[in-house]
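Shown next: data_1.txt, containing compact mmCIF, C-alpha atoms.
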```
# COMPACT_ATOMS: atom_id res chain seq x y z
CA MET A 26 9.50 11.11 20.36
CA LYS A 27 12.15 10.11 17.81
CA SER A 28 10.99 9.36 14.29
CA SER A 29 12.72 7.75 11.33
CA VAL A 30 11.56 8.29 7.76
CA ILE A 31 12.74 5.67 5.26
CA VAL A 32 13.70 6.85 1.77
CA PHE A 33 13.74 4.55 -1.26
CA PRO A 34 14.74 5.53 -4.80
CA GLY A 35 11.60 7.27 -6.05
CA THR A 36 10.21 8.28 -2.65
CA ASN A 37 9.03 11.89 -2.85
CA ARG A 38 7.02 12.80 0.26
CA GLU A 39 9.69 12.26 2.89
CA ARG A 40 10.22 15.96 3.49
CA ASP A 41 6.50 16.62 3.82
CA VAL A 42 6.13 14.07 6.60
CA ALA A 43 9.46 15.00 8.22
CA ASP A 44 8.31 18.62 8.36
CA VAL A 45 5.07 17.75 10.14
CA LEU A 46 6.86 15.40 12.53
CA ALA A 47 9.35 18.13 13.44
CA THR A 48 6.53 20.63 14.01
CA VAL A 49 4.40 18.30 16.12
CA THR A 50 7.09 16.47 18.10
CA GLY A 51 9.65 19.31 18.32
CA LYS A 52 12.39 16.95 17.13
CA PRO A 53 13.73 16.60 13.60
CA ALA A 54 13.01 13.25 11.97
CA GLN A 55 15.92 11.03 10.99
CA ILE A 56 16.04 10.34 7.27
CA VAL A 57 17.17 6.76 6.63
CA TRP A 58 18.32 5.41 3.26
CA HIS A 59 16.79 2.14 2.08
CA GLY A 60 20.23 0.58 1.51
CA ASP A 61 21.14 0.84 5.21
CA SER A 62 20.81 -2.28 7.28
CA GLU A 63 19.57 -0.77 10.53
CA VAL A 64 16.99 1.83 11.55
CA PRO A 65 18.34 4.03 14.37
CA GLN A 66 16.50 3.81 17.68
CA SER A 67 13.03 5.23 16.98
CA ASP A 68 9.60 5.60 18.52
CA LEU A 69 8.07 5.74 15.06
CA ILE A 70 9.10 4.49 11.62
CA VAL A 71 7.46 6.11 8.59
CA LEU A 72 7.34 4.66 5.09
CA PRO A 73 6.41 7.79 3.11
CA GLY A 74 4.65 8.32 -0.19
CA GLY A 75 6.15 8.34 -3.64
CA PHE A 76 6.92 5.88 -6.38
CA SER A 77 9.64 3.62 -5.00
CA PHE A 78 11.56 1.88 -7.78
CA GLY A 79 9.26 3.52 -10.32
CA ASP A 80 6.36 1.26 -9.28
CA TYR A 81 8.00 -1.45 -11.42
CA LEU A 82 6.48 -4.94 -11.26
CA ARG A 83 3.92 -3.94 -8.60
CA CYS A 84 3.76 -0.84 -6.41
CA GLY A 85 5.95 -1.46 -3.37
CA ALA A 86 7.14 -4.91 -4.49
CA MET A 87 10.80 -3.99 -4.86
CA ALA A 88 10.94 -1.74 -1.80
CA ALA A 89 9.56 -4.56 0.34
CA HIS A 90 12.84 -6.38 -0.31
CA SER A 91 15.20 -3.43 0.24
CA PRO A 92 17.96 -4.10 2.81
CA ILE A 93 16.45 -1.75 5.42
CA MET A 94 13.14 -3.60 5.39
CA ARG A 95 14.55 -6.57 7.26
CA ASP A 96 15.14 -4.30 10.27
CA VAL A 97 11.86 -2.40 9.76
CA ILE A 98 9.99 -5.72 9.89
CA ALA A 99 11.95 -6.88 12.95
CA LYS A 100 11.30 -3.59 14.78
CA ALA A 101 7.62 -3.61 13.78
CA LYS A 102 7.27 -7.11 15.19
CA ALA A 103 9.03 -5.93 18.36
CA GLY A 104 6.35 -3.24 18.79
CA VAL A 105 7.81 -0.08 17.23
CA PRO A 106 4.91 1.84 15.60
CA VAL A 107 5.09 1.91 11.80
CA LEU A 108 3.14 4.31 9.58
CA GLY A 109 2.88 3.63 5.86
CA ILE A 110 1.41 6.43 3.77
CA CYS A 111 0.36 5.84 0.15
CA ASN A 112 3.38 4.03 -1.36
CA GLY A 113 4.27 3.15 2.24
CA PHE A 114 0.91 1.37 2.61
CA GLN A 115 1.62 -0.54 -0.60
CA ILE A 116 5.04 -1.54 0.77
CA LEU A 117 3.53 -2.70 4.09
CA CYS A 118 1.10 -4.93 2.20
CA GLU A 119 3.91 -6.33 0.03
CA THR A 120 5.94 -7.22 3.13
CA GLY A 121 2.94 -8.96 4.66
CA LEU A 122 2.96 -6.71 7.76
CA LEU A 123 -0.56 -5.73 6.68
CA PRO A 124 -2.97 -8.02 4.83
CA GLY A 125 -4.35 -7.44 1.34
CA VAL A 126 -3.02 -5.50 -1.61
CA LEU A 127 -3.52 -2.13 -3.35
CA GLN A 128 -4.68 -2.59 -6.92
CA ARG A 129 -5.02 -0.17 -9.82
CA ASN A 130 -7.77 2.41 -9.20
CA ALA A 131 -11.08 1.16 -10.56
CA SER A 132 -11.26 4.26 -12.79
CA LEU A 133 -7.75 3.51 -14.16
CA LYS A 134 -7.00 7.19 -13.53
CA PHE A 135 -4.44 8.73 -11.23
CA ILE A 136 -6.46 10.49 -8.55
CA CYS A 137 -5.23 13.70 -6.91
CA LYS A 138 -7.97 15.36 -4.89
CA ASP A 139 -9.43 16.03 -1.47
CA VAL A 140 -11.09 13.07 0.19
CA TRP A 141 -13.09 12.70 3.37
CA LEU A 142 -12.36 9.88 5.78
CA LYS A 143 -14.54 8.46 8.50
CA VAL A 144 -12.47 7.54 11.56
CA GLU A 145 -13.69 4.05 12.42
CA ASN A 146 -11.34 3.17 15.27
CA THR A 147 -9.85 5.63 17.76
CA ARG A 148 -8.12 2.95 19.84
CA THR A 149 -4.96 2.84 17.72
CA ARG A 150 -1.79 4.81 18.44
CA PHE A 151 -2.54 6.85 15.34
CA THR A 152 -6.08 7.92 16.06
CA GLY A 153 -6.42 8.64 19.79
CA CYS A 154 -6.94 12.39 19.22
CA TYR A 155 -9.86 11.84 16.83
CA ASN A 156 -13.45 11.24 17.90
CA GLN A 157 -15.14 8.01 16.92
CA GLY A 158 -16.92 8.58 13.60
CA GLU A 159 -15.24 11.94 13.04
CA VAL A 160 -14.85 13.02 9.42
CA ALA A 161 -11.30 14.04 8.49
CA GLN A 162 -10.48 15.86 5.27
CA MET A 163 -7.23 14.80 3.63
CA ILE A 164 -5.65 14.64 0.19
CA CYS A 165 -5.06 11.57 -1.90
CA ALA A 166 -2.64 11.24 -4.81
CA HIS A 167 -2.32 7.74 -6.21
CA GLY A 168 -2.90 5.47 -9.17
CA ASP A 169 -3.03 2.23 -7.21
CA GLY A 170 -5.07 2.69 -4.06
CA ASN A 171 -7.86 0.22 -4.63
CA TYR A 172 -7.71 -1.95 -1.52
CA PHE A 173 -8.39 -5.62 -2.09
CA ALA A 174 -8.47 -8.60 0.24
CA ASP A 175 -10.56 -11.76 0.18
CA THR A 176 -13.90 -11.77 1.97
CA ALA A 177 -12.66 -13.76 4.97
CA THR A 178 -9.81 -11.26 5.51
CA LEU A 179 -12.16 -8.29 5.13
CA ASP A 180 -14.58 -9.80 7.65
CA ARG A 181 -11.74 -10.40 10.09
CA LEU A 182 -10.47 -6.82 9.67
CA GLU A 183 -13.95 -5.46 10.33
CA GLY A 184 -14.52 -7.79 13.29
CA GLU A 185 -11.23 -6.84 14.94
CA GLY A 186 -11.65 -3.10 14.37
CA GLN A 187 -8.69 -3.00 12.02
CA VAL A 188 -10.48 -0.85 9.46
CA VAL A 189 -9.33 2.57 10.69
CA PHE A 190 -10.34 4.95 7.90
CA ARG A 191 -13.10 4.67 5.31
CA TYR A 192 -13.83 7.00 2.37
CA CYS A 193 -17.02 8.94 3.01
CA ASP A 194 -18.75 12.11 1.87
CA PRO A 195 -18.19 15.39 3.77
CA ALA A 196 -21.19 14.56 5.98
CA GLY A 197 -19.70 11.21 6.96
CA ASN A 198 -21.87 8.93 4.82
CA VAL A 199 -19.93 5.95 3.48
CA THR A 200 -21.28 5.74 -0.07
CA PRO A 201 -20.17 4.22 -3.39
CA GLU A 202 -19.84 7.78 -4.80
CA SER A 203 -17.39 8.78 -2.05
CA ASN A 204 -15.20 5.73 -2.67
CA ALA A 205 -12.17 7.39 -4.27
CA ASN A 206 -10.68 4.37 -6.00
CA GLY A 207 -13.01 1.36 -5.84
CA ALA A 208 -11.53 0.02 -2.60
CA GLN A 209 -13.35 -2.92 -1.04
CA ARG A 210 -15.79 -1.65 1.60
CA ASN A 211 -14.50 1.94 1.07
CA ILE A 212 -11.32 1.08 2.98
CA ALA A 213 -8.77 3.92 3.04
CA GLY A 214 -6.60 2.72 5.93
CA ILE A 215 -6.10 -0.39 8.04
CA ALA A 216 -4.11 -1.33 11.12
CA ASP A 217 -2.58 -4.60 12.23
CA ALA A 218 -4.14 -6.47 15.15
CA THR A 219 -2.06 -4.55 17.71
CA GLY A 220 -2.96 -1.09 16.38
CA ARG A 221 0.77 -0.27 16.08
CA ILE A 222 1.09 -0.62 12.31
CA LEU A 223 -1.07 1.62 10.12
CA GLY A 224 -1.28 1.81 6.35
CA MET A 225 -3.37 4.46 4.60
CA MET A 226 -3.63 5.79 1.05
CA PRO A 227 -4.51 9.48 1.78
CA HIS A 228 -1.81 11.88 2.97
CA PRO A 229 -2.26 13.17 6.54
CA GLU A 230 1.09 15.01 6.24
CA ASN A 231 -0.38 17.14 3.44
CA ALA A 232 -3.40 18.03 5.55
CA ALA A 233 -1.56 19.45 8.54
CA GLU A 234 -1.55 23.20 7.88
CA ALA A 235 -4.48 25.55 7.36
CA MET A 236 -2.65 27.11 4.44
CA LEU A 237 -2.90 23.77 2.63
CA GLY A 238 -6.66 23.51 3.07
CA SER A 239 -7.03 21.15 6.02
CA VAL A 240 -5.46 20.48 9.41
CA ASP A 241 -7.33 17.21 9.97
CA GLY A 242 -4.27 15.08 9.24
CA ARG A 243 -2.23 16.74 11.96
CA LYS A 244 -4.20 14.94 14.65
CA LEU A 245 -2.74 11.66 13.47
CA PHE A 246 0.74 12.87 14.41
CA GLU A 247 -0.55 14.44 17.63
CA SER A 248 -2.10 11.07 18.48
CA LEU A 249 1.28 9.38 18.05
CA LEU A 250 2.93 11.96 20.29
CA ALA A 251 0.25 11.56 22.96
CA ALA A 252 0.66 7.77 22.87
CA ALA A 253 4.48 7.81 22.90
CA MET B 111 17.93 -22.41 -19.22
CA LYS B 112 15.16 -20.00 -19.97
CA ALA B 113 12.07 -19.65 -17.78
CA ARG B 114 8.92 -18.24 -19.36
CA ILE B 115 6.69 -17.07 -16.55
CA ARG B 116 3.05 -16.08 -16.81
CA ILE B 117 1.40 -14.16 -14.00
CA THR B 118 -2.37 -13.87 -14.05
CA LEU B 119 -5.00 -12.45 -11.76
CA LYS B 120 -6.85 -15.02 -9.69
CA ASN B 121 -10.45 -15.72 -10.59
CA GLY B 122 -12.80 -13.25 -8.97
CA VAL B 123 -10.20 -10.47 -8.65
CA LEU B 124 -11.40 -7.35 -10.41
CA ASP B 125 -9.31 -6.44 -13.46
CA PRO B 126 -10.05 -2.81 -14.44
CA GLN B 127 -7.37 -2.87 -17.15
CA GLY B 128 -8.83 -6.02 -18.71
CA LYS B 129 -12.24 -4.34 -18.64
CA ALA B 130 -10.87 -1.25 -20.39
CA ILE B 131 -9.27 -3.43 -23.08
CA GLN B 132 -12.55 -5.27 -23.54
CA ASN B 133 -14.39 -1.98 -24.02
CA ALA B 134 -11.76 -0.79 -26.51
CA LEU B 135 -12.05 -4.01 -28.51
CA SER B 136 -15.82 -3.63 -28.60
CA GLY B 137 -15.33 -0.03 -29.72
CA LEU B 138 -13.16 -1.26 -32.59
CA GLY B 139 -16.03 -3.40 -33.75
CA PHE B 140 -14.88 -6.82 -32.49
CA LYS B 141 -18.09 -8.64 -31.67
CA GLY B 142 -18.57 -11.21 -28.95
CA VAL B 143 -15.61 -10.34 -26.73
CA GLU B 144 -16.97 -11.84 -23.52
CA GLU B 145 -14.10 -11.13 -21.15
CA VAL B 146 -10.51 -9.85 -21.18
CA ARG B 147 -8.02 -10.50 -18.39
CA GLN B 148 -4.62 -8.85 -18.45
CA GLY B 149 -1.51 -10.44 -16.95
CA LYS B 150 2.27 -10.27 -17.08
CA TYR B 151 4.83 -12.29 -19.02
CA ILE B 152 8.41 -12.45 -17.75
CA GLU B 153 11.43 -14.23 -19.24
CA VAL B 154 14.34 -15.15 -17.00
CA ASP B 155 17.62 -16.56 -18.34
CA LEU B 156 19.29 -18.86 -15.87
CA ALA B 157 22.88 -20.07 -15.73
CA SER B 158 21.69 -23.38 -14.33
CA THR B 159 21.50 -26.42 -16.61
CA ASP B 160 19.86 -28.63 -13.99
CA GLU B 161 16.13 -28.59 -14.63
CA ALA B 162 15.07 -29.63 -11.13
CA ALA B 163 17.24 -26.98 -9.50
CA ALA B 164 16.05 -24.32 -11.97
CA ARG B 165 12.44 -25.28 -11.33
CA ALA B 166 12.87 -24.91 -7.57
CA GLU B 167 14.60 -21.57 -8.02
CA VAL B 168 11.97 -20.07 -10.35
CA GLU B 169 9.28 -21.31 -7.98
CA ARG B 170 10.92 -19.27 -5.21
CA MET B 171 11.32 -16.22 -7.48
CA CYS B 172 7.61 -16.30 -8.21
CA ARG B 173 6.59 -16.66 -4.59
CA ASP B 174 9.06 -14.13 -3.15
CA LEU B 175 8.81 -11.34 -5.72
CA LEU B 176 7.32 -11.87 -9.15
CA ALA B 177 3.75 -12.66 -8.10
CA ASN B 178 1.63 -11.38 -5.25
CA LEU B 179 -0.22 -14.50 -4.19
CA VAL B 180 -3.03 -12.48 -2.61
CA ILE B 181 -4.33 -11.64 -6.08
CA GLU B 182 -2.14 -13.46 -8.60
CA ASP B 183 -1.37 -16.98 -9.80
CA TYR B 184 1.76 -17.95 -11.67
CA ALA B 185 2.80 -20.66 -14.09
CA PHE B 186 6.05 -21.21 -15.96
CA GLU B 187 7.82 -23.45 -18.36
CA LEU B 188 11.53 -24.14 -18.69
CA SER B 189 13.45 -24.74 -21.86
CA ALA B 190 17.07 -25.02 -22.89
CA GLY B 191 18.22 -21.57 -24.07
```

Just give me the structure of the file as structure tokens.
Amino acid sequence: MKSSVIVFPGTNRERDVADVLATVTGKPAQIVWHGDSEVPQSDLIVLPGGFSFGDYLRCGAMAAHSPIMRDVIAKAKAGVPVLGICNGFQILCETGLLPGVLQRNASLKFICKDVWLKVENTRTRFTGCYNQGEVAQMICAHGDGNYFADTATLDRLEGEGQVVFRYCDPAGNVTPESNANGAQRNIAGIADATGRILGMMPHPENAAEAMLGSVDGRKLFESLLAAA
Amino acid sequence: MKARIRITLKNGVLDPQGKAIQNALSGLGFKGVEEVRQGKYIEVDLASTDEAAARAEVERMCRDLLANLVIEDYAFELSAG
């Protein structure tokens, strides 16, 4: 499985995700600069976390118009799996590949802490190695992770099984207290209708080694490998 | 021409920053602050002198980049210089 990780000015988690991809797939990830016009042949494109373009205007707004994004969008529409983590999720929403938008955290504070996610859909390319309803411990680090979409869009996402991860407590209860950032319906990650494009605020790549406190994020990459 | 663009949150979209400002104003003793909504103000200087063309161009700027129409509305006025 060949992976490409896109780097924008201000991206800072590309090496974290490239490291996990190399470990899980056995092949080094290709690092691709945002100013390039074409993504090399890939079985997975990752938009990693960070603060592309300093989060100016809106998080992800500038990156969504970077030269490389034209090809990322074309390849996504042609069926290449795309994973957007944190800032990558914000970019996917700004491009329109995923619906909705990530707003400022309801607390107005930057949140950097462990979160627990309920896996709501295991029929995506990203979640096949999880059990339905499994609770996965990951880390989040963001100031703008508060998922918002209008009610009709939220209902459609729920109806089509596109809500993939929801914030929950360690026992798996989806509660207001476990909602890290005020996201509508505790949404932490969503997929497109095909299950090939996933955006999520927490960092699975930082929950892939026991030394770092959790290995629950590693299954996401193992799922991709199993589905490739 | 100069475009003065205002970007505001749509009605019904939660505005945590506006809420924080409202609380701060109340804390300063301002009575009767019923709601605060925060937005953005952007000025763009354009080479164009044709108002219709400038209007169409700023419209596109707002839709393509400056505003996110999922949560924001925009409005602008044009003036000479």

Residues within 9 Å of B:Ile152, please, as a count of residues only. Count only C-alpha atoms; anything in the same chain fewer than 3 positions from it doesn't count. 6

Write down, as number ranges by chain, each residue of chain A that has any atom within 7 Å of an atom of chain B, counting only C-alpha atoms. A: 86, 125, 131, 133

Quick check, in Å to one decimal: how far apart do atom CA of A:Ile31 and atom CA of A:His59 lie? 6.2 Å

One decimal, in Å: what's the spacing between atom CA of A:Pro201 and atom CA of A:Asp139? 16.1 Å

Which residue is closest to B:Glu153? Choose from B:Phe186, B:Leu135, B:Ala166, B:Thr118 and count only C-alpha atoms.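 Checking each candidate against B:Glu153, we get B:Phe186 as the closest.
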
Would you please work out which residue, of A:Asn146, A:Gly113, A:Pro92, A:Glu183, is nearest to A:Gly224 when using all atoms listed in the file? A:Gly113

Shortest interatomic distance to A:Asp41 - which of A:Gly214, A:Gly75, A:Gly220, A:Gly85, counting only C-alpha atoms: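 Smallest separation from A:Asp41 among the options: A:Gly75.
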
A:Asp217 surroundings by only C-alpha atoms, 9 Å radius, close-in-sequence under 2 positions cut, as a ChimeraX atom specification: /A:122-124,182,187,215,219-224

Would you kindly return, as a PDB file with C-alpha atoms, keeping the file's coordinate frame, each protein, DNA or RNA residue with an atom no farther than 12 Å from any atom of A:Thr48, considering only C-alpha atoms and excluding same-chain residues fewer than 3 positions away?
```pdb
ATOM      1  CA  MET A  26       9.500  11.110  20.360  1.00  0.00           C
ATOM      2  CA  ASP A  41       6.500  16.620   3.820  1.00  0.00           C
ATOM      3  CA  VAL A  42       6.130  14.070   6.600  1.00  0.00           C
ATOM      4  CA  ALA A  43       9.460  15.000   8.220  1.00  0.00           C
ATOM      5  CA  ASP A  44       8.310  18.620   8.360  1.00  0.00           C
ATOM      6  CA  VAL A  45       5.070  17.750  10.140  1.00  0.00           C
ATOM      7  CA  GLY A  51       9.650  19.310  18.320  1.00  0.00           C
ATOM      8  CA  LYS A  52      12.390  16.950  17.130  1.00  0.00           C
ATOM      9  CA  PRO A  53      13.730  16.600  13.600  1.00  0.00           C
ATOM     10  CA  ALA A  54      13.010  13.250  11.970  1.00  0.00           C
ATOM     11  CA  GLU A 230       1.090  15.010   6.240  1.00  0.00           C
ATOM     12  CA  ALA A 233      -1.560  19.450   8.540  1.00  0.00           C
ATOM     13  CA  GLU A 234      -1.550  23.200   7.880  1.00  0.00           C
ATOM     14  CA  ARG A 243      -2.230  16.740  11.960  1.00  0.00           C
ATOM     15  CA  PHE A 246       0.740  12.870  14.410  1.00  0.00           C
ATOM     16  CA  GLU A 247      -0.550  14.440  17.630  1.00  0.00           C
ATOM     17  CA  LEU A 250       2.930  11.960  20.290  1.00  0.00           C
TER      18      LEU A 250
END
```

Radius query 8 Å about (-1.4, 6.3, -12.4), atoms used: all atoms listed in the file, as a list in words: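 Selection result: Arg129, Leu133, Lys134, Phe135, Ile136, His167, Gly168 and Asp169 of chain A.
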
Quick one: distance from atom CA of A:Ala161 to atom CA of A:Ala252 in Å, one decimal?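 Separation between atom CA of A:Ala161 and atom CA of A:Ala252: 19.7 Å.
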
Excluding same-chain residues fewer than 4 positions from B:Ser189, what lies within 10 Å of it counting only C-alpha atoms, as a PyMOL selection string? chain B and resi 111-114+155+159+161

Where atoms are missing, can you supply N, CA and C atoms for stretch 158-177 of chain B and output the lot as a PDB file, in the frame of the given file?
```
ATOM      1  N   SER B 158      21.832 -21.959 -14.681  1.00  0.00           N
ATOM      2  CA  SER B 158      21.690 -23.380 -14.330  1.00  0.00           C
ATOM      3  C   SER B 158      21.336 -24.247 -15.539  1.00  0.00           C
ATOM      4  N   THR B 159      21.869 -25.465 -15.570  1.00  0.00           N
ATOM      5  CA  THR B 159      21.500 -26.420 -16.610  1.00  0.00           C
ATOM      6  C   THR B 159      20.730 -27.594 -16.010  1.00  0.00           C
ATOM      7  N   ASP B 160      20.575 -27.563 -14.704  1.00  0.00           N
ATOM      8  CA  ASP B 160      19.860 -28.630 -13.990  1.00  0.00           C
ATOM      9  C   ASP B 160      18.394 -28.239 -13.886  1.00  0.00           C
ATOM     10  N   GLU B 161      17.532 -28.988 -14.546  1.00  0.00           N
ATOM     11  CA  GLU B 161      16.130 -28.590 -14.630  1.00  0.00           C
ATOM     12  C   GLU B 161      15.449 -28.581 -13.261  1.00  0.00           C
ATOM     13  N   ALA B 162      15.722 -29.571 -12.445  1.00  0.00           N
ATOM     14  CA  ALA B 162      15.070 -29.630 -11.130  1.00  0.00           C
ATOM     15  C   ALA B 162      15.472 -28.440 -10.269  1.00  0.00           C
ATOM     16  N   ALA B 163      16.763 -28.111 -10.305  1.00  0.00           N
ATOM     17  CA  ALA B 163      17.240 -26.980  -9.500  1.00  0.00           C
ATOM     18  C   ALA B 163      16.653 -25.675 -10.035  1.00  0.00           C
ATOM     19  N   ALA B 164      16.605 -25.540 -11.357  1.00  0.00           N
ATOM     20  CA  ALA B 164      16.050 -24.320 -11.970  1.00  0.00           C
ATOM     21  C   ALA B 164      14.570 -24.183 -11.605  1.00  0.00           C
ATOM     22  N   ARG B 165      13.869 -25.294 -11.649  1.00  0.00           N
ATOM     23  CA  ARG B 165      12.440 -25.280 -11.330  1.00  0.00           C
ATOM     24  C   ARG B 165      12.215 -24.787  -9.900  1.00  0.00           C
ATOM     25  N   ALA B 166      13.010 -25.306  -8.981  1.00  0.00           N
ATOM     26  CA  ALA B 166      12.870 -24.910  -7.570  1.00  0.00           C
ATOM     27  C   ALA B 166      13.185 -23.426  -7.400  1.00  0.00           C
ATOM     28  N   GLU B 167      14.192 -22.970  -8.161  1.00  0.00           N
ATOM     29  CA  GLU B 167      14.600 -21.570  -8.020  1.00  0.00           C
ATOM     30  C   GLU B 167      13.531 -20.622  -8.582  1.00  0.00           C
ATOM     31  N   VAL B 168      12.995 -20.936  -9.741  1.00  0.00           N
ATOM     32  CA  VAL B 168      11.970 -20.070 -10.350  1.00  0.00           C
ATOM     33  C   VAL B 168      10.714 -20.066  -9.478  1.00  0.00           C
ATOM     34  N   GLU B 169      10.413 -21.212  -8.911  1.00  0.00           N
ATOM     35  CA  GLU B 169       9.280 -21.310  -7.980  1.00  0.00           C
ATOM     36  C   GLU B 169       9.440 -20.276  -6.858  1.00  0.00           C
ATOM     37  N   ARG B 170      10.661 -20.219  -6.307  1.00  0.00           N
ATOM     38  CA  ARG B 170      10.920 -19.270  -5.210  1.00  0.00           C
ATOM     39  C   ARG B 170      10.860 -17.838  -5.704  1.00  0.00           C
ATOM     40  N   MET B 171      11.384 -17.587  -6.905  1.00  0.00           N
ATOM     41  CA  MET B 171      11.320 -16.220  -7.480  1.00  0.00           C
ATOM     42  C   MET B 171       9.873 -15.761  -7.579  1.00  0.00           C
ATOM     43  N   CYS B 172       9.017 -16.655  -8.042  1.00  0.00           N
ATOM     44  CA  CYS B 172       7.610 -16.300  -8.210  1.00  0.00           C
ATOM     45  C   CYS B 172       6.961 -15.988  -6.876  1.00  0.00           C
ATOM     46  N   ARG B 173       7.226 -16.845  -5.894  1.00  0.00           N
ATOM     47  CA  ARG B 173       6.590 -16.660  -4.590  1.00  0.00           C
ATOM     48  C   ARG B 173       7.114 -15.444  -3.842  1.00  0.00           C
ATOM     49  N   ASP B 174       8.442 -15.193  -3.944  1.00  0.00           N
ATOM     50  CA  ASP B 174       9.060 -14.130  -3.150  1.00  0.00           C
ATOM     51  C   ASP B 174       8.890 -12.747  -3.773  1.00  0.00           C
ATOM     52  N   LEU B 175       8.810 -12.675  -5.101  1.00  0.00           N
ATOM     53  CA  LEU B 175       8.810 -11.340  -5.720  1.00  0.00           C
ATOM     54  C   LEU B 175       7.876 -11.200  -6.914  1.00  0.00           C
ATOM     55  N   LEU B 176       7.953 -12.137  -7.853  1.00  0.00           N
ATOM     56  CA  LEU B 176       7.320 -11.870  -9.150  1.00  0.00           C
ATOM     57  C   LEU B 176       5.798 -11.839  -9.083  1.00  0.00           C
ATOM     58  N   ALA B 177       5.212 -12.661  -8.228  1.00  0.00           N
ATOM     59  CA  ALA B 177       3.750 -12.660  -8.100  1.00  0.00           C
ATOM     60  C   ALA B 177       3.342 -12.286  -6.696  1.00  0.00           C
TER      61      ALA B 177
END
```
